[in-house]
Each structure stands twice: as structure tokens, then as C-alpha cells.
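Novice: model-v7.txt is reproduced in full below (compact mmCIF, C-alpha atoms and all ligand atoms).
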# COMPACT_ATOMS: atom_id res chain seq x y z
CA MET Q 1 0.00 0.00 0.00
CA ASP Q 2 1.23 3.54 -0.77
CA ASN Q 3 2.62 5.33 2.22
CA ASN Q 4 4.15 8.29 0.45
CA LEU Q 5 3.01 11.51 2.09
CA PHE Q 6 2.18 14.96 0.81
CA ILE Q 7 3.59 17.41 3.37
CA ALA Q 8 3.17 21.19 3.31
CA LEU Q 9 5.44 23.40 5.40
CA GLU Q 10 3.87 26.67 6.43
CA GLY Q 11 4.93 29.73 8.40
CA ILE Q 12 5.60 33.44 8.15
CA ASP Q 13 8.58 34.71 6.13
CA GLY Q 14 11.86 33.74 7.81
CA SER Q 15 10.27 31.04 9.98
CA GLY Q 16 12.74 28.42 8.74
CA LYS Q 17 10.56 26.54 6.24
CA SER Q 18 13.19 26.08 3.55
CA THR Q 19 15.85 25.10 6.13
CA GLN Q 20 13.52 22.48 7.61
CA ALA Q 21 12.24 21.28 4.22
CA LYS Q 22 15.80 20.41 3.17
CA LEU Q 23 16.58 18.67 6.48
CA LEU Q 24 13.37 16.65 6.34
CA ALA Q 25 14.00 15.65 2.72
CA ARG Q 26 17.50 14.43 3.62
CA LYS Q 27 16.21 12.49 6.63
CA LEU Q 28 13.46 10.78 4.61
CA GLU Q 29 15.87 9.92 1.82
CA GLU Q 30 18.22 8.34 4.36
CA THR Q 31 15.35 6.10 5.47
CA GLY Q 32 14.66 4.93 1.92
CA HIS Q 33 11.88 7.24 0.76
CA LYS Q 34 11.79 8.77 -2.72
CA VAL Q 35 11.46 12.50 -2.02
CA TYR Q 36 10.40 15.40 -4.22
CA LEU Q 37 11.18 18.76 -2.60
CA THR Q 38 9.35 21.75 -4.03
CA PHE Q 39 8.08 25.24 -3.23
CA GLU Q 40 5.60 28.02 -4.01
CA PRO Q 41 5.78 30.46 -5.67
CA THR Q 42 7.23 28.04 -8.23
CA ASN Q 43 9.90 28.69 -10.83
CA GLY Q 44 7.29 28.18 -13.56
CA MET Q 45 5.78 30.78 -15.88
CA VAL Q 46 3.34 32.28 -13.35
CA GLY Q 47 5.77 31.87 -10.45
CA SER Q 48 8.31 34.04 -12.28
CA VAL Q 49 5.77 36.84 -12.63
CA LEU Q 50 4.97 36.52 -8.92
CA ARG Q 51 8.63 36.81 -7.95
CA ASN Q 52 8.85 40.06 -9.91
CA ILE Q 53 5.76 41.36 -8.11
CA LEU Q 54 7.24 40.37 -4.72
CA LYS Q 55 10.50 42.18 -5.56
CA GLY Q 56 8.53 45.32 -6.48
CA ASN Q 57 9.46 45.18 -10.19
CA ILE Q 58 5.80 44.84 -11.26
CA LYS Q 59 2.85 46.48 -9.51
CA ALA Q 60 -0.41 44.53 -9.14
CA ASP Q 61 -3.63 44.69 -7.15
CA GLU Q 62 -3.85 42.27 -4.20
CA ARG Q 63 -6.76 40.45 -5.92
CA THR Q 64 -4.62 39.95 -9.00
CA ILE Q 65 -1.78 38.64 -6.83
CA ALA Q 66 -4.12 36.18 -5.05
CA THR Q 67 -5.40 34.77 -8.34
CA LEU Q 68 -1.90 34.54 -9.80
CA PHE Q 69 -0.88 32.42 -6.80
CA LEU Q 70 -3.88 30.20 -7.55
CA ALA Q 71 -2.82 29.82 -11.20
CA ASP Q 72 0.74 29.06 -10.09
CA ARG Q 73 -0.61 26.39 -7.69
CA MET Q 74 -2.72 24.76 -10.42
CA ASP Q 75 0.35 24.44 -12.61
CA HIS Q 76 2.33 23.16 -9.62
CA LEU Q 77 -0.28 20.40 -9.22
CA LEU Q 78 -1.16 19.61 -12.80
CA ASN Q 79 1.95 20.27 -14.88
CA GLU Q 80 2.38 17.28 -17.20
CA ASP Q 81 6.11 16.91 -16.53
CA SER Q 82 6.68 17.98 -12.96
CA GLY Q 83 3.17 18.28 -11.45
CA LEU Q 84 2.66 17.06 -7.90
CA VAL Q 85 -0.26 14.80 -8.86
CA LYS Q 86 2.16 12.92 -11.11
CA LYS Q 87 4.91 12.85 -8.45
CA ILE Q 88 2.54 11.42 -5.83
CA SER Q 89 1.30 8.76 -8.28
CA GLU Q 90 4.95 7.82 -8.93
CA GLY Q 91 5.43 7.12 -5.22
CA TYR Q 92 7.34 10.24 -4.22
CA THR Q 93 6.88 11.74 -0.79
CA VAL Q 94 6.30 15.38 -1.69
CA ILE Q 95 7.45 18.18 0.60
CA THR Q 96 6.30 21.63 -0.44
CA ASP Q 97 7.62 24.84 1.08
CA ARG Q 98 4.20 26.64 1.17
CA TYR Q 99 0.82 25.59 -0.22
CA TYR Q 100 -2.72 26.95 0.04
CA PHE Q 101 -2.62 27.93 3.73
CA SER Q 102 -0.08 30.57 2.66
CA SER Q 103 -2.75 32.04 0.39
CA TYR Q 104 -5.31 32.08 3.21
CA ALA Q 105 -2.88 33.83 5.54
CA TYR Q 106 -1.21 36.29 3.12
CA HIS Q 107 -4.26 37.23 1.03
CA GLY Q 108 -6.78 36.88 3.87
CA THR Q 109 -5.13 39.99 5.32
CA HIS Q 110 -6.16 42.01 2.25
CA MET Q 111 -9.52 40.48 1.29
CA ASP Q 112 -12.21 38.15 2.57
CA MET Q 113 -10.46 34.90 3.56
CA ASP Q 114 -13.53 32.85 2.67
CA TRP Q 115 -13.18 34.02 -0.93
CA VAL Q 116 -9.54 32.88 -1.01
CA ILE Q 117 -10.54 29.51 0.50
CA ALA Q 118 -13.35 29.08 -2.03
CA CYS Q 119 -11.00 29.90 -4.92
CA ASN Q 120 -8.53 27.27 -3.71
CA LYS Q 121 -11.13 24.54 -3.14
CA MET Q 122 -10.26 22.86 -6.42
CA CYS Q 123 -6.63 22.52 -5.28
CA ALA Q 124 -7.77 20.93 -2.00
CA ASP Q 125 -9.93 18.51 -3.99
CA ILE Q 126 -7.01 17.61 -6.27
CA LEU Q 127 -4.39 17.15 -3.55
CA ARG Q 128 -4.93 17.73 0.16
CA PRO Q 129 -1.79 17.52 2.34
CA ASP Q 130 -1.55 14.52 4.68
CA LEU Q 131 0.15 16.99 6.98
CA ASN Q 132 0.34 20.79 7.14
CA ILE Q 133 3.24 21.67 9.44
CA PHE Q 134 3.10 25.21 10.79
CA ILE Q 135 6.50 26.40 12.02
CA ASP Q 136 5.41 28.96 14.57
CA VAL Q 137 7.96 31.71 15.11
CA ALA Q 138 7.54 35.06 16.83
CA PRO Q 139 7.35 37.73 14.08
CA GLU Q 140 10.10 39.73 15.85
CA ILE Q 141 12.48 36.73 15.59
CA SER Q 142 11.59 36.17 11.93
CA MET Q 143 12.26 39.82 11.09
CA GLN Q 144 15.66 39.61 12.84
CA ARG Q 145 16.55 36.51 10.80
CA ILE Q 146 15.44 38.14 7.53
CA SER Q 147 17.38 41.38 8.18
CA ALA Q 148 20.51 39.51 9.33
CA ASN Q 149 20.65 37.33 6.24
CA ARG Q 150 19.43 39.48 3.35
CA GLN Q 151 20.26 42.86 1.85
CA SER Q 152 16.70 43.64 0.72
CA THR Q 153 13.24 42.68 1.88
CA GLU Q 154 10.19 41.63 -0.17
CA LEU Q 155 6.64 42.92 -0.45
CA TYR Q 156 5.18 41.28 2.67
CA GLU Q 157 8.27 41.39 4.90
CA THR Q 158 7.44 44.05 7.50
CA LEU Q 159 6.92 43.36 11.21
CA ASP Q 160 3.30 44.57 11.17
CA ASN Q 161 2.48 42.45 8.15
CA LEU Q 162 4.11 39.33 9.62
CA LYS Q 163 2.07 39.82 12.82
CA ASN Q 164 -1.10 40.04 10.71
CA VAL Q 165 -0.11 37.03 8.64
CA ARG Q 166 0.51 34.93 11.78
CA ALA Q 167 -2.91 35.93 13.13
CA LYS Q 168 -4.50 35.02 9.78
CA TYR Q 169 -2.80 31.60 9.79
CA MET Q 170 -4.42 30.99 13.19
CA GLU Q 171 -7.80 32.12 11.83
CA ALA Q 172 -7.47 29.77 8.84
CA PHE Q 173 -6.51 26.82 11.08
CA ARG Q 174 -9.60 27.48 13.23
CA LYS Q 175 -11.84 27.69 10.16
CA LEU Q 176 -10.49 24.53 8.49
CA GLY Q 177 -9.56 22.46 11.54
CA ASP Q 178 -12.07 19.72 10.68
CA ALA Q 179 -11.06 19.34 7.04
CA GLU Q 180 -7.28 19.64 7.37
CA THR Q 181 -4.49 18.00 9.38
CA VAL Q 182 -2.48 20.85 10.85
CA VAL Q 183 0.25 20.57 13.49
CA SER Q 184 2.05 23.54 14.96
CA ILE Q 185 5.74 23.24 15.86
CA ASN Q 186 7.67 25.63 18.10
CA GLY Q 187 9.96 27.37 15.59
CA ASN Q 188 11.68 29.58 18.16
CA GLN Q 189 14.07 26.70 19.00
CA GLU Q 190 17.45 25.75 17.52
CA ILE Q 191 17.40 24.35 13.97
CA GLU Q 192 18.20 20.77 15.14
CA ALA Q 193 15.45 20.75 17.80
CA ILE Q 194 12.84 21.85 15.26
CA ALA Q 195 14.08 19.22 12.80
CA ALA Q 196 13.72 16.51 15.47
CA ASP Q 197 10.12 17.60 16.23
CA ILE Q 198 9.22 17.58 12.53
CA SER Q 199 10.86 14.23 11.96
CA ALA Q 200 8.93 12.63 14.86
CA LEU Q 201 5.69 14.08 13.54
CA VAL Q 202 6.27 12.76 10.02
CA SER Q 203 7.20 9.27 11.29
CA LYS Q 204 3.94 9.16 13.24
CA GLN Q 205 1.94 10.28 10.21
CA THR Q 206 3.64 7.69 7.98
CA LYS Q 207 2.71 4.92 10.42
CA GLU Q 208 -0.88 6.15 10.58
CA LYS Q 209 -1.15 6.22 6.79
CA ARG Q 210 0.28 2.70 6.57
CA ARG Q 211 -2.43 1.49 8.95
CA LEU Q 212 -5.26 2.90 6.76
P1 LIG V 301 11.87 30.64 5.31
O1 LIG V 301 12.07 29.63 4.22
O2 LIG V 301 10.72 30.29 6.20
O3 LIG V 301 11.80 32.05 4.82
P2 LIG V 301 14.64 30.09 5.98
O4 LIG V 301 14.75 28.62 6.19
O5 LIG V 301 15.13 30.65 4.69
O6 LIG V 301 13.14 30.58 6.28
O7 LIG V 301 15.37 30.80 7.21
C1 LIG V 301 15.54 32.20 7.24
C2 LIG V 301 16.95 32.49 7.84
O8 LIG V 301 16.96 32.12 9.21
C3 LIG V 301 18.05 31.70 7.16
O9 LIG V 301 19.20 32.51 7.09
C4 LIG V 301 18.29 30.53 8.09
O10 LIG V 301 19.61 30.08 8.06
C5 LIG V 301 17.94 31.11 9.45
N1 LIG V 301 17.29 30.14 10.35
C6 LIG V 301 16.40 29.17 10.00
N2 LIG V 301 15.98 28.47 11.09
C7 LIG V 301 16.59 29.03 12.15
C8 LIG V 301 16.56 28.77 13.58
N3 LIG V 301 15.80 27.80 14.10
N4 LIG V 301 17.30 29.55 14.36
C9 LIG V 301 18.08 30.53 13.84
N5 LIG V 301 18.17 30.84 12.52
C10 LIG V 301 17.44 30.11 11.68
P1 LIG V 302 8.88 32.48 -0.06
O1 LIG V 302 9.80 32.47 -1.23
O2 LIG V 302 8.53 31.18 0.59
O3 LIG V 302 9.46 33.49 0.96
P2 LIG V 302 10.17 33.22 2.34
O4 LIG V 302 11.30 32.26 2.06
O5 LIG V 302 10.62 34.59 2.74
O6 LIG V 302 9.14 32.66 3.27
O7 LIG V 302 7.52 33.16 -0.46
C1 LIG V 302 7.54 34.41 -1.04
C2 LIG V 302 6.38 35.22 -0.57
O8 LIG V 302 5.18 34.77 -1.20
C3 LIG V 302 6.11 35.21 0.92
O9 LIG V 302 6.13 36.55 1.39
C4 LIG V 302 4.70 34.67 1.04
C5 LIG V 302 4.11 34.94 -0.31
N1 LIG V 302 3.00 34.04 -0.70
C6 LIG V 302 1.73 34.56 -0.84
O10 LIG V 302 1.51 35.76 -0.62
N2 LIG V 302 0.71 33.75 -1.23
C7 LIG V 302 0.89 32.44 -1.48
O11 LIG V 302 -0.09 31.71 -1.84
C8 LIG V 302 2.21 31.89 -1.34
C9 LIG V 302 2.47 30.45 -1.65
C10 LIG V 302 3.24 32.74 -0.95
Just give me the structure of the file as C-alpha cells.
Ligand code: ADP
Ligand code: TYD
Specialist:
Amino acid sequence: MDNNLFIALEGIDGSGKSTQAKLLARKLEETGHKVYLTFEPTNGMVGSVLRNILKGNIKADERTIATLFLADRMDHLLNEDSGLVKKISEGYTVITDRYYFSSYAYHGTHMDMDWVIACNKMCADILRPDLNIFIDVAPEISMQRISANRQSTELYETLDNLKNVRAKYMEAFRKLGDAETVVSINGNQEIEAIAADISALVSKQTKEKRRL
């Protein structure tokens, strides 16, 4: 029986998602899993436009941005060559650095979250994560990490916005708690301690899936 998982890592900017995604991928590979590590916004056609918007090179209305993220996600799922539906069917455990909860949190600060959830329903129907892992970091700590490691900041990377985004993540988890598997991890710890928590969580989920 298939026991390859679809795992989404979520959190505010600078929460350590990409660091933890890489560590988890390595750990799973060491234990014999085939792993496909990916991220949103993607490097595909729509993802490239989004990166230019995030850098401030292109201006766009928040509603346009929200729908571009949806288009990018559809391609991420359905692309004939590298789509996640295909990867899952090939037996890969897929780890994505951000998925639709990012849209609920980031766009739900600018427009009605229920609209963003409704727009993304088709993605949930196509591929719902076995596990959404929320790396919960204090916005002040995230901002320190971002400023210490980068010369410039992106569209959403201000302390006030990160506080709002964290609050919106919580709102989305409350709204969708029955439909989604979400686990929050304390991201204010050392990198290795967070990795150990995530690894334990994923092992538990793999065993549960095997039992189904
Ligand atoms: P994200 O993908 O969520 O934006 P990153 O993994 O890129 O976050 O981490 C942002 C920065 O913080 C990186 O420079 C990374 O090395 C550092 N970092 C990540 N996790 C931790 C941690 N637990 N403690 C201290 N610094 C961290
Ligand atoms: P990302 O490259 O993951 O940034 P970081 O490594 O700093 O977390 O994501 C870029 C930005 O895209 C981030 O500010 C969150 C935003 N975003 C949305 O606004 N909506 C979405 O649906 C997704 C996936 C990301």
C-alpha cells in the first residue's frame, strides 16, 4: 500500500521553512523514501511573474496577486512533466515549502479569507496535504533573521504584516480544523530541535497512513 506523504510546510517569512524542508528531505531519503522537494511560488511561468511582483518590479492589485498564486498552484499540481499529482502517483513523498494555507494567511489579510478559501477549493480537492506543518515563530524573531541574512526585503516582509499574517494563519486553522491536518511546531528553537520535532511528527503520520 502507498505510504508516500504529501507534506506542506507553512509559516511566516523567515520562519525556517526552507531550512527544515531540506533537512526533512535528507532524513526521509536516508530512510529509503523517494522525495520530491518543491516550493511556491514556483519557478514556472506564473511563479516568475509573482517573484517580480514580490520584488517590487511589477505592480499589481492584491486580488490579481491572489489569483496569480492560484494559477501558479494549479500548474504546480497539474503540470504534465513535474506536477505534484504525477509525483505522488509515482510514489514520491512530496514536501512543499508553502501551499494553500499561505494564500489564506497572506491574502486573507487584504480580502475576505472565505473568498480565497473558495478559490482554492479545487486545489484541495485535487491534492490535500496529509500533513500541514506550521512552524510557529515570533514575528520579531523572523524579522531579525530576515534582516541579518538578506540585503533587501520583499513585499510582505514588514513586522506589522508578519504579525497580521501569523494571526491570519491561526484564523485559517480554526476555520479549516475539521477538514485539514495541521500541526504547529515551536519554531523559536534551535534548527536541530525543530528538525527533530518535525521528523517525529512525520514518522507518526507515515505509520498512521500505513495502517489505513
Ligand atoms: P523561510 O524559508 O521560512 O523564509 P529560511 O529557512 O530561509 O526561512 O530561514 C531564514 C533564515 O533564518 C536563514 O538565514 C536561516 O539560516 C535562518 N534560520 C532558520 N531556522 C533558524 C533557527 N531555528 N534559528 C536561527 N536561525 C534560523
Ligand atoms: P517564499 O519564497 O517562501 O518566501 P520566504 O522564504 O521569505 O518565506 O515566499 C515568497 C512570498 O510569497 C512570501 O512573502 C509569502 C508569499 N506568498 C503569498 O503571498 N501567497 C501564497 O499563496 C504563497 C504560496 C506565498
Novice: Rank Q:Arg210, Q:Arg51, Q:Lys22, Q:Lys168 by their smallest atom-to-atom distance to ligand LIG 302 (chain V), using only C-alpha atoms and all ligand atoms, and report the top residue only.
Specialist: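 Closest candidate: Q:Arg51.
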Novice: List as an MDAnalysis selection string the protein and nucleic acid residues lying within 9 Å of ligand LIG 301 (chain V), with only C-alpha atoms and all ligand atoms counted.
Specialist: chainID Q and resid 9:22 97:98 135 137 141:142 144:150 187:195
Novice: If the limit is 6 Å from any atom of ligand LIG 302 (chain V), counting all atoms listed in the file, which residues qualify? Return them as a VMD selection string.
Specialist: chain Q and resid 13 to 14 40 to 41 69 98 to 100 102 to 103 106 156
Novice: Considering all atoms listed in the file, can you say which of Q:Val94, Q:His33, Q:Phe101, Q:Glu80 comes closest to Ala124 (chain Q)?
Specialist: Q:Phe101
Novice: Can you write out as CSV which residues of region 26-138 of chain Q fall within 10 Å of region 197-202 of chain Q, alongside each residue's closest atom pair and its distance in Å to one decimal, counting all atoms listed in the file and ordering rows by chain and ascending residue number?
Specialist:
residue,atom,partner,partner_atom,distance
Q:Lys27,CA,Q:Ser199,CA,7.7
Q:Leu28,CA,Q:Ser199,CA,8.5
Q:Asp130,CA,Q:Val202,CA,9.6
Q:Leu131,CA,Q:Val202,CA,8.0
Q:Ile133,CA,Q:Ile198,CA,7.9
Q:Phe134,CA,Q:Ile198,CA,9.9
Q:Ile135,CA,Q:Ile198,CA,9.2
Novice: Restricting the calculation to only C-alpha atoms: of Q:Leu70, Q:Leu54, Q:Arg63, Q:Tyr36, which residue gets closest to Lys86 (chain Q)?
Specialist: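 Ranked by minimum distance to Lys86 (chain Q), first place goes to Q:Tyr36.
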Novice: Met111 (chain Q): which residues within 12 Å, counting all atoms listed in the file, same-chain residues fewer than 5 positions away excluded, as a list in words?
Specialist: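 These residues fall inside the cut-off: Asp61, Glu62, Arg63, Thr64, Ile65, Ala66, Thr67, Ser103, Tyr104, Ala105, Tyr106, Val116, Ile117 and Lys168 of chain Q.
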Novice: Just give me the gap between CA of Phe6 (chain Q) and CA of Pro129 (chain Q) in Å, one decimal is fine.
Specialist: 5.0 Å
Novice: With a distance cut-off of 10 Å and all atoms listed in the file, select the neighbouring residues of His76 (chain Q), excluding the residue or stretch itself and same-chain residues fewer than 3 positions from it, and output the selection as a list in words.
Specialist: Thr38, Phe39, Glu40, Pro41, Thr42, Asn43, Gly44, Val46, Gly47, Leu70, Ala71, Asp72, Arg73, Asn79, Glu80, Ser82, Gly83, Leu84, Val85, Tyr99 and Cys123 of chain Q
Novice: What is the CA of Ile53 (chain Q)-CA of Ser152 (chain Q) distance in Å, reported with one decimal?
Specialist: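 So the answer is 14.2 Å.
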Novice: I'd like the interatomic distance between CA of Arg128 (chain Q) and CA of Thr96 (chain Q), to a tenth of an Å.
Specialist: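 Spanning CA of Arg128 (chain Q) to CA of Thr96 (chain Q) is a straight-line distance of 11.9 Å.
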Novice: Using all atoms listed in the file, which of the listed residues (Q:Met113, Q:Leu5, Q:Leu68, Q:Ile95) sits closest to Phe173 (chain Q)?
Specialist: Q:Met113
Novice: Residues around (-1.0, 6.0, -0.2), cut-off 9 Å, counting all atoms listed in the file - what are they as number ranges by chain?
Specialist: Q: 1-5, 88-89, 91, 209-210, 212
Novice: Taking all atoms listed in the file into account, name the residue in Q:Thr93, Q:Thr109, Q:Leu37, Q:Lys87 that is nearest to Ala172 (chain Q).
Specialist: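 Checking each candidate against Ala172 (chain Q), we get Q:Thr109 as the closest.
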Novice: Box for region 43-60 of chain Q - axis-aligned, 4 Å on each of the six sides, all listed atoms - centre and size in Å to one decimal, as AutoDock Vina command-line options.
Specialist:
--center_x 5.0 --center_y 37.3 --center_z -10.3 --size_x 18.9 --size_y 26.3 --size_z 19.2
